[in-house]
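Colleague: Contents of model.pdb (PDB, C-alpha atoms, pLDDT in the B column):
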ATOM      1  CA  MET A 352      -0.703  13.927  -0.342  1.00 42.00           C
ATOM      2  CA  SER A 353      -2.476  17.076  -1.301  1.00 44.00           C
ATOM      3  CA  SER A 354      -2.341  18.249  -4.890  1.00 47.00           C
ATOM      4  CA  GLN A 355       0.133  20.914  -3.689  1.00 47.00           C
ATOM      5  CA  LEU A 356       2.536  18.235  -2.433  1.00 48.00           C
ATOM      6  CA  ALA A 357       2.046  16.310  -5.670  1.00 51.00           C
ATOM      7  CA  ARG A 358       3.650  19.228  -7.490  1.00 53.00           C
ATOM      8  CA  ILE A 359       6.712  19.049  -5.216  1.00 73.00           C
ATOM      9  CA  ARG A 360       7.563  15.358  -5.636  1.00 79.00           C
ATOM     10  CA  PRO A 361       6.064  12.051  -6.747  1.00 88.00           C
ATOM     11  CA  ALA A 362       4.067  10.087  -4.201  1.00 90.00           C
ATOM     12  CA  VAL A 363       6.090   7.237  -2.711  1.00 95.00           C
ATOM     13  CA  ILE A 364       4.021   4.049  -2.708  1.00 96.00           C
ATOM     14  CA  LEU A 365       5.165   0.759  -1.226  1.00 98.00           C
ATOM     15  CA  LEU A 366       3.406  -2.189  -2.868  1.00 98.00           C
ATOM     16  CA  VAL A 367       3.617  -5.317  -0.713  1.00 98.00           C
ATOM     17  CA  GLU A 368       2.577  -8.125  -3.039  1.00 96.00           C
ATOM     18  CA  ASP A 369       3.843 -11.644  -3.763  1.00 96.00           C
ATOM     19  CA  ASN A 370       1.905 -12.180  -7.017  1.00 94.00           C
ATOM     20  CA  ASP A 371       3.941 -10.955 -10.002  1.00 94.00           C
ATOM     21  CA  ASN A 372       0.821 -10.591 -12.178  1.00 91.00           C
ATOM     22  CA  ASP A 373      -0.812  -8.296  -9.614  1.00 91.00           C
ATOM     23  CA  VAL A 374       2.410  -6.273  -9.390  1.00 94.00           C
ATOM     24  CA  GLU A 375       2.399  -5.743 -13.158  1.00 92.00           C
ATOM     25  CA  LEU A 376      -1.306  -4.877 -13.163  1.00 89.00           C
ATOM     26  CA  SER A 377      -0.667  -2.351 -10.395  1.00 91.00           C
ATOM     27  CA  ARG A 378       2.230  -0.798 -12.316  1.00 91.00           C
ATOM     28  CA  GLU A 379       0.038  -0.533 -15.411  1.00 90.00           C
ATOM     29  CA  GLY A 380      -2.820   0.975 -13.407  1.00 88.00           C
ATOM     30  CA  PHE A 381      -0.515   3.655 -12.012  1.00 89.00           C
ATOM     31  CA  ARG A 382       0.860   4.368 -15.497  1.00 88.00           C
ATOM     32  CA  MET A 383      -2.680   4.764 -16.808  1.00 86.00           C
ATOM     33  CA  SER A 384      -3.643   7.078 -13.926  1.00 81.00           C
ATOM     34  CA  LYS A 385      -1.215   9.629 -15.369  1.00 80.00           C
ATOM     35  CA  LEU A 386      -0.162  10.604 -11.839  1.00 81.00           C
ATOM     36  CA  VAL A 387       3.542  10.507 -11.127  1.00 85.00           C
ATOM     37  CA  VAL A 388       4.374   7.945  -8.454  1.00 92.00           C
ATOM     38  CA  ASP A 389       7.564   6.483  -7.087  1.00 95.00           C
ATOM     39  CA  LEU A 390       6.446   2.847  -6.799  1.00 96.00           C
ATOM     40  CA  HIS A 391       8.512   0.454  -4.700  1.00 98.00           C
ATOM     41  CA  HIS A 392       7.749  -3.252  -4.445  1.00 98.00           C
ATOM     42  CA  VAL A 393       8.530  -5.940  -1.880  1.00 98.00           C
ATOM     43  CA  LYS A 394       7.344  -9.556  -2.034  1.00 97.00           C
ATOM     44  CA  ASP A 395       6.407 -10.297   1.580  1.00 97.00           C
ATOM     45  CA  GLY A 396       5.897  -8.914   5.057  1.00 97.00           C
ATOM     46  CA  GLU A 397       9.452  -9.458   6.228  1.00 97.00           C
ATOM     47  CA  GLU A 398      10.772  -7.386   3.310  1.00 97.00           C
ATOM     48  CA  CYS A 399       8.084  -4.790   4.003  1.00 98.00           C
ATOM     49  CA  MET A 400       9.161  -4.347   7.618  1.00 98.00           C
ATOM     50  CA  ALA A 401      12.845  -4.201   6.583  1.00 98.00           C
ATOM     51  CA  PHE A 402      11.913  -1.511   4.019  1.00 98.00           C
ATOM     52  CA  LEU A 403       9.896   0.508   6.545  1.00 98.00           C
ATOM     53  CA  ARG A 404      12.566   0.208   9.229  1.00 97.00           C
ATOM     54  CA  LYS A 405      15.352   0.855   6.690  1.00 97.00           C
ATOM     55  CA  LYS A 406      17.257  -2.334   7.500  1.00 97.00           C
ATOM     56  CA  ALA A 407      20.008  -4.016   5.464  1.00 93.00           C
ATOM     57  CA  ALA A 408      19.407  -3.623   1.707  1.00 95.00           C
ATOM     58  CA  TYR A 409      16.707  -1.030   2.452  1.00 97.00           C
ATOM     59  CA  ALA A 410      18.881   1.361   4.477  1.00 97.00           C
ATOM     60  CA  ALA A 411      18.356   4.120   1.896  1.00 96.00           C
ATOM     61  CA  ALA A 412      14.687   3.337   1.240  1.00 97.00           C
ATOM     62  CA  PRO A 413      12.315   6.286   1.215  1.00 96.00           C
ATOM     63  CA  THR A 414       9.498   6.492   3.718  1.00 96.00           C
ATOM     64  CA  PRO A 415       6.338   5.655   1.790  1.00 96.00           C
ATOM     65  CA  ASP A 416       3.415   8.041   1.661  1.00 94.00           C
ATOM     66  CA  ILE A 417       1.072   5.055   1.325  1.00 96.00           C
ATOM     67  CA  ILE A 418       1.432   1.297   1.746  1.00 98.00           C
ATOM     68  CA  LEU A 419      -0.605  -0.991  -0.520  1.00 97.00           C
ATOM     69  CA  LEU A 420      -0.685  -4.277   1.380  1.00 97.00           C
ATOM     70  CA  ASP A 421      -1.761  -7.745   0.288  1.00 96.00           C
ATOM     71  CA  LEU A 422      -2.906 -10.014   3.122  1.00 95.00           C
ATOM     72  CA  ASN A 423      -1.999 -13.469   1.827  1.00 92.00           C
ATOM     73  CA  MET A 424       1.776 -13.731   1.463  1.00 93.00           C
ATOM     74  CA  PRO A 425       4.480 -16.189   2.516  1.00 90.00           C
ATOM     75  CA  ARG A 426       6.789 -15.750   5.501  1.00 89.00           C
ATOM     76  CA  MET A 427       5.026 -12.798   7.159  1.00 95.00           C
ATOM     77  CA  ASP A 428       1.501 -12.100   5.945  1.00 95.00           C
ATOM     78  CA  GLY A 429      -0.287  -8.761   5.694  1.00 95.00           C
ATOM     79  CA  ARG A 430      -2.153  -9.274   8.959  1.00 95.00           C
ATOM     80  CA  GLU A 431       1.145  -9.573  10.814  1.00 96.00           C
ATOM     81  CA  VAL A 432       2.532  -6.548   8.966  1.00 97.00           C
ATOM     82  CA  LEU A 433      -0.464  -4.393   9.873  1.00 96.00           C
ATOM     83  CA  THR A 434      -0.180  -5.522  13.489  1.00 96.00           C
ATOM     84  CA  GLU A 435       3.523  -4.551  13.534  1.00 96.00           C
ATOM     85  CA  ILE A 436       2.851  -1.183  11.914  1.00 97.00           C
ATOM     86  CA  SER A 437       0.044  -0.349  14.327  1.00 94.00           C
ATOM     87  CA  ARG A 438       2.308  -1.141  17.302  1.00 95.00           C
ATOM     88  CA  ASP A 439       5.301   0.849  16.037  1.00 96.00           C
ATOM     89  CA  GLU A 440       5.277   4.497  17.120  1.00 94.00           C
ATOM     90  CA  ASN A 441       7.453   5.441  14.134  1.00 94.00           C
ATOM     91  CA  LEU A 442       5.204   3.744  11.567  1.00 95.00           C
ATOM     92  CA  ARG A 443       1.620   3.896  12.812  1.00 93.00           C
ATOM     93  CA  HIS A 444       0.944   7.238  11.113  1.00 94.00           C
ATOM     94  CA  LEU A 445       1.463   5.685   7.658  1.00 96.00           C
ATOM     95  CA  PRO A 446      -1.705   5.068   5.656  1.00 96.00           C
ATOM     96  CA  VAL A 447      -2.106   1.361   4.904  1.00 97.00           C
ATOM     97  CA  VAL A 448      -4.527   0.328   2.191  1.00 97.00           C
ATOM     98  CA  ILE A 449      -5.338  -3.364   2.092  1.00 97.00           C
ATOM     99  CA  LEU A 450      -5.527  -4.717  -1.476  1.00 94.00           C
ATOM    100  CA  THR A 451      -6.493  -8.374  -1.321  1.00 92.00           C
ATOM    101  CA  THR A 452      -8.831 -11.063  -2.628  1.00 90.00           C
ATOM    102  CA  SER A 453     -10.491 -11.742   0.747  1.00 89.00           C
ATOM    103  CA  GLN A 454     -14.080 -10.536   1.029  1.00 92.00           C
ATOM    104  CA  GLU A 455     -14.734 -12.183   4.378  1.00 94.00           C
ATOM    105  CA  GLU A 456     -16.550  -9.760   6.689  1.00 95.00           C
ATOM    106  CA  ARG A 457     -14.651 -10.866   9.799  1.00 95.00           C
ATOM    107  CA  GLU A 458     -11.359 -10.310   7.975  1.00 94.00           C
ATOM    108  CA  ILE A 459     -12.416  -6.825   6.882  1.00 96.00           C
ATOM    109  CA  LEU A 460     -13.492  -5.901  10.414  1.00 96.00           C
ATOM    110  CA  LYS A 461     -10.225  -7.225  11.867  1.00 95.00           C
ATOM    111  CA  MET A 462      -8.155  -5.109   9.442  1.00 95.00           C
ATOM    112  CA  TYR A 463     -10.081  -1.970  10.362  1.00 96.00           C
ATOM    113  CA  GLN A 464      -9.633  -2.812  14.038  1.00 94.00           C
ATOM    114  CA  LEU A 465      -5.900  -2.934  13.329  1.00 92.00           C
ATOM    115  CA  ARG A 466      -6.289   0.582  11.853  1.00 92.00           C
ATOM    116  CA  CYS A 467      -6.017  -0.001   8.108  1.00 96.00           C
ATOM    117  CA  SER A 468      -6.938   3.154   6.218  1.00 95.00           C
ATOM    118  CA  SER A 469      -8.930   1.412   3.483  1.00 95.00           C
ATOM    119  CA  TYR A 470      -9.830  -2.086   2.397  1.00 97.00           C
ATOM    120  CA  ILE A 471     -10.059  -2.887  -1.317  1.00 95.00           C
ATOM    121  CA  VAL A 472     -11.017  -6.265  -2.749  1.00 95.00           C
ATOM    122  CA  LYS A 473      -8.946  -7.113  -5.832  1.00 90.00           C
ATOM    123  CA  PRO A 474     -11.093  -7.728  -8.870  1.00 88.00           C
ATOM    124  CA  VAL A 475     -10.178 -10.777 -10.923  1.00 84.00           C
ATOM    125  CA  ASP A 476     -11.031  -9.014 -14.199  1.00 88.00           C
ATOM    126  CA  PHE A 477      -8.079  -7.209 -15.850  1.00 86.00           C
ATOM    127  CA  ASP A 478      -9.983  -4.029 -16.765  1.00 89.00           C
ATOM    128  CA  GLN A 479     -11.659  -3.843 -13.359  1.00 91.00           C
ATOM    129  CA  PHE A 480      -8.281  -4.245 -11.618  1.00 88.00           C
ATOM    130  CA  LEU A 481      -6.862  -1.358 -13.638  1.00 87.00           C
ATOM    131  CA  ARG A 482      -9.888   0.793 -12.772  1.00 88.00           C
ATOM    132  CA  VAL A 483      -9.424   0.028  -9.079  1.00 90.00           C
ATOM    133  CA  ILE A 484      -5.783   1.167  -9.195  1.00 89.00           C
ATOM    134  CA  GLN A 485      -6.782   4.302 -11.091  1.00 88.00           C
ATOM    135  CA  SER A 486      -9.525   5.059  -8.557  1.00 90.00           C
ATOM    136  CA  PHE A 487      -7.074   4.457  -5.725  1.00 90.00           C
ATOM    137  CA  SER A 488      -4.671   6.928  -7.362  1.00 88.00           C
ATOM    138  CA  ASP A 489      -7.338   9.537  -7.952  1.00 86.00           C
ATOM    139  CA  TYR A 490      -8.547   9.388  -4.367  1.00 90.00           C
ATOM    140  CA  TRP A 491      -5.336   8.913  -2.381  1.00 89.00           C
ATOM    141  CA  LEU A 492      -3.104  11.117  -4.510  1.00 85.00           C
ATOM    142  CA  THR A 493      -5.382  14.029  -5.354  1.00 85.00           C
ATOM    143  CA  VAL A 494      -8.146  14.212  -2.731  1.00 86.00           C
ATOM    144  CA  VAL A 495      -6.671  12.972   0.552  1.00 87.00           C
ATOM    145  CA  VAL A 496      -4.232  15.036   2.607  1.00 83.00           C
ATOM    146  CA  LEU A 497      -1.596  12.598   3.845  1.00 82.00           C
ATOM    147  CA  PRO A 498       0.567  13.000   6.945  1.00 82.00           C
ATOM    148  CA  PRO A 499       3.535  15.305   6.407  1.00 78.00           C
ATOM    149  CA  ASP A 500       6.858  13.751   5.556  1.00 65.00           C
ATOM    150  CA  GLU A 501      10.031  14.736   7.347  1.00 57.00           C
ATOM    151  CA  ARG A 502      11.667  15.147   3.913  1.00 47.00           C
ATOM    152  CA  SER A 503       9.324  17.978   2.886  1.00 43.00           C
TER     153      SER A 503
END
What would you get if you wrote out this structure as structure tokens?

Modeller:
Amino acid sequence: MSSQLARIRPAVILLVEDNDNDVELSREGFRMSKLVVDLHHVKDGEECMAFLRKKAAYAAAPTPDIILLDLNMPRMDGREVLTEISRDENLRHLPVVILTTSQEEREILKMYQLRCSSYIVKPVDFDQFLRVIQSFSDYWLTVVVLPPDERS
């Protein structure tokens, strides 16, 4: 989303996260970034894919500008979600930023091979976590030009 698009509408962010504490920290980080976002949250990969494909309860869901994806979740994990997104012609253009605790090099390489846009390791420290979300916001919502949205 360029800064020009940011003036037109809030950025739509889909947070895929099963940890309620991390969800609240993310919400607080976005609030502190002072950038207007339309933050949506789902708890696992199955809900994420339903949201992205606008199925059932998510029929009216907006198409996200960016997906913030945790890797370690129940039912369908982030690895499976990223694999599905990368295979789906209608979804593969969406930027997916991994936000997880895993620092394993093989894991990081695998996610980039599956075409994640960025890989961020979640800090365990409260203040550091908030700074990461603020940095994410500054970069992805003011510097990066995101793919155009059919709504615009």

Colleague: Apply the PyMOL selection byres ((chain A and resi 393) around 12) to the displayed file and report the matching residues as an NGL selection string.

Modeller: :A and (364-371 or 374 or 390-392 or 394-403 or 408-409 or 412 or 418-421 or 424-425 or 427 or 429)

Colleague: Report as a CSV table (one decimal) with C-alpha atoms, keeping the file's coordinate frame all protein, DNA and RNA residues lying within 12 Å of region 484-492 of chain A, evaluated on only C-alpha atoms, omitting residues in the same chain fewer than 5 positions from it.

Modeller:
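That gives us around.csv:
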chain,number,residue,atom,x,y,z
A,352,MET,CA,-0.7,13.9,-0.3
A,353,SER,CA,-2.5,17.1,-1.3
A,354,SER,CA,-2.3,18.2,-4.9
A,355,GLN,CA,0.1,20.9,-3.7
A,356,LEU,CA,2.5,18.2,-2.4
A,357,ALA,CA,2.0,16.3,-5.7
A,358,ARG,CA,3.6,19.2,-7.5
A,360,ARG,CA,7.6,15.4,-5.6
A,361,PRO,CA,6.1,12.1,-6.7
A,362,ALA,CA,4.1,10.1,-4.2
A,363,VAL,CA,6.1,7.2,-2.7
A,364,ILE,CA,4.0,4.0,-2.7
A,366,LEU,CA,3.4,-2.2,-2.9
A,373,ASP,CA,-0.8,-8.3,-9.6
A,374,VAL,CA,2.4,-6.3,-9.4
A,375,GLU,CA,2.4,-5.7,-13.2
A,376,LEU,CA,-1.3,-4.9,-13.2
A,377,SER,CA,-0.7,-2.4,-10.4
A,378,ARG,CA,2.2,-0.8,-12.3
A,379,GLU,CA,0.0,-0.5,-15.4
A,380,GLY,CA,-2.8,1.0,-13.4
A,381,PHE,CA,-0.5,3.7,-12.0
A,382,ARG,CA,0.9,4.4,-15.5
A,383,MET,CA,-2.7,4.8,-16.8
A,384,SER,CA,-3.6,7.1,-13.9
A,385,LYS,CA,-1.2,9.6,-15.4
A,386,LEU,CA,-0.2,10.6,-11.8
A,387,VAL,CA,3.5,10.5,-11.1
A,388,VAL,CA,4.4,7.9,-8.5
A,389,ASP,CA,7.6,6.5,-7.1
A,390,LEU,CA,6.4,2.8,-6.8
A,416,ASP,CA,3.4,8.0,1.7
A,417,ILE,CA,1.1,5.1,1.3
A,418,ILE,CA,1.4,1.3,1.7
A,419,LEU,CA,-0.6,-1.0,-0.5
A,446,PRO,CA,-1.7,5.1,5.7
A,447,VAL,CA,-2.1,1.4,4.9
A,448,VAL,CA,-4.5,0.3,2.2
A,449,ILE,CA,-5.3,-3.4,2.1
A,450,LEU,CA,-5.5,-4.7,-1.5
A,468,SER,CA,-6.9,3.2,6.2
A,469,SER,CA,-8.9,1.4,3.5
A,470,TYR,CA,-9.8,-2.1,2.4
A,471,ILE,CA,-10.1,-2.9,-1.3
A,472,VAL,CA,-11.0,-6.3,-2.7
A,473,LYS,CA,-8.9,-7.1,-5.8
A,474,PRO,CA,-11.1,-7.7,-8.9
A,477,PHE,CA,-8.1,-7.2,-15.8
A,478,ASP,CA,-10.0,-4.0,-16.8
A,479,GLN,CA,-11.7,-3.8,-13.4
A,497,LEU,CA,-1.6,12.6,3.8
A,498,PRO,CA,0.6,13.0,6.9

Colleague: Can you work out which one of A:Ile436, A:Ala410, A:Val496, A:Leu422 has the shortest atom-to-atom distance to Leu465 (chain A), counting only C-alpha atoms?

Modeller: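 Ranked by minimum distance to Leu465 (chain A), first place goes to A:Ile436.
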
Colleague: Using CA of Glu431 (chain A) and CA of Leu481 (chain A) as the two end points, give the distance in Å to one decimal.

Modeller: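 Here the two named atoms are 27.0 Å from each other.
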
Colleague: Quick one: axis-aligned box around all listed atoms of region 463-482 of chain A, 5 Å on every side, centre and edge lengths in Å to one decimal, written as lines of an AutoDock Vina configuration file.

Modeller:
center_x = -8.8
center_y = -3.8
center_z = -1.4
size_x = 15.8
size_y = 23.9
size_z = 40.8

Colleague: Just the residues within 8 Å of Met462 (chain A), please, counting only C-alpha atoms, with nothing from its chain fewer than 4 positions along; format it as a list in words.

Modeller: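 The residues satisfying every condition are Arg430, Leu433, Glu458, Arg466, Cys467 and Tyr470 of chain A.
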
Colleague: To one decimal in Å, tell me the separation between CA of Arg438 (chain A) and CA of Arg426 (chain A).

Modeller: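 Interatomic distance, CA of Arg438 (chain A) to CA of Arg426 (chain A): 19.3 Å.
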
Colleague: For CA of Leu442 (chain A) and CA of Lys405 (chain A), determine how far apart the two atoms are, in Å to one decimal place.

Modeller: 11.6 Å
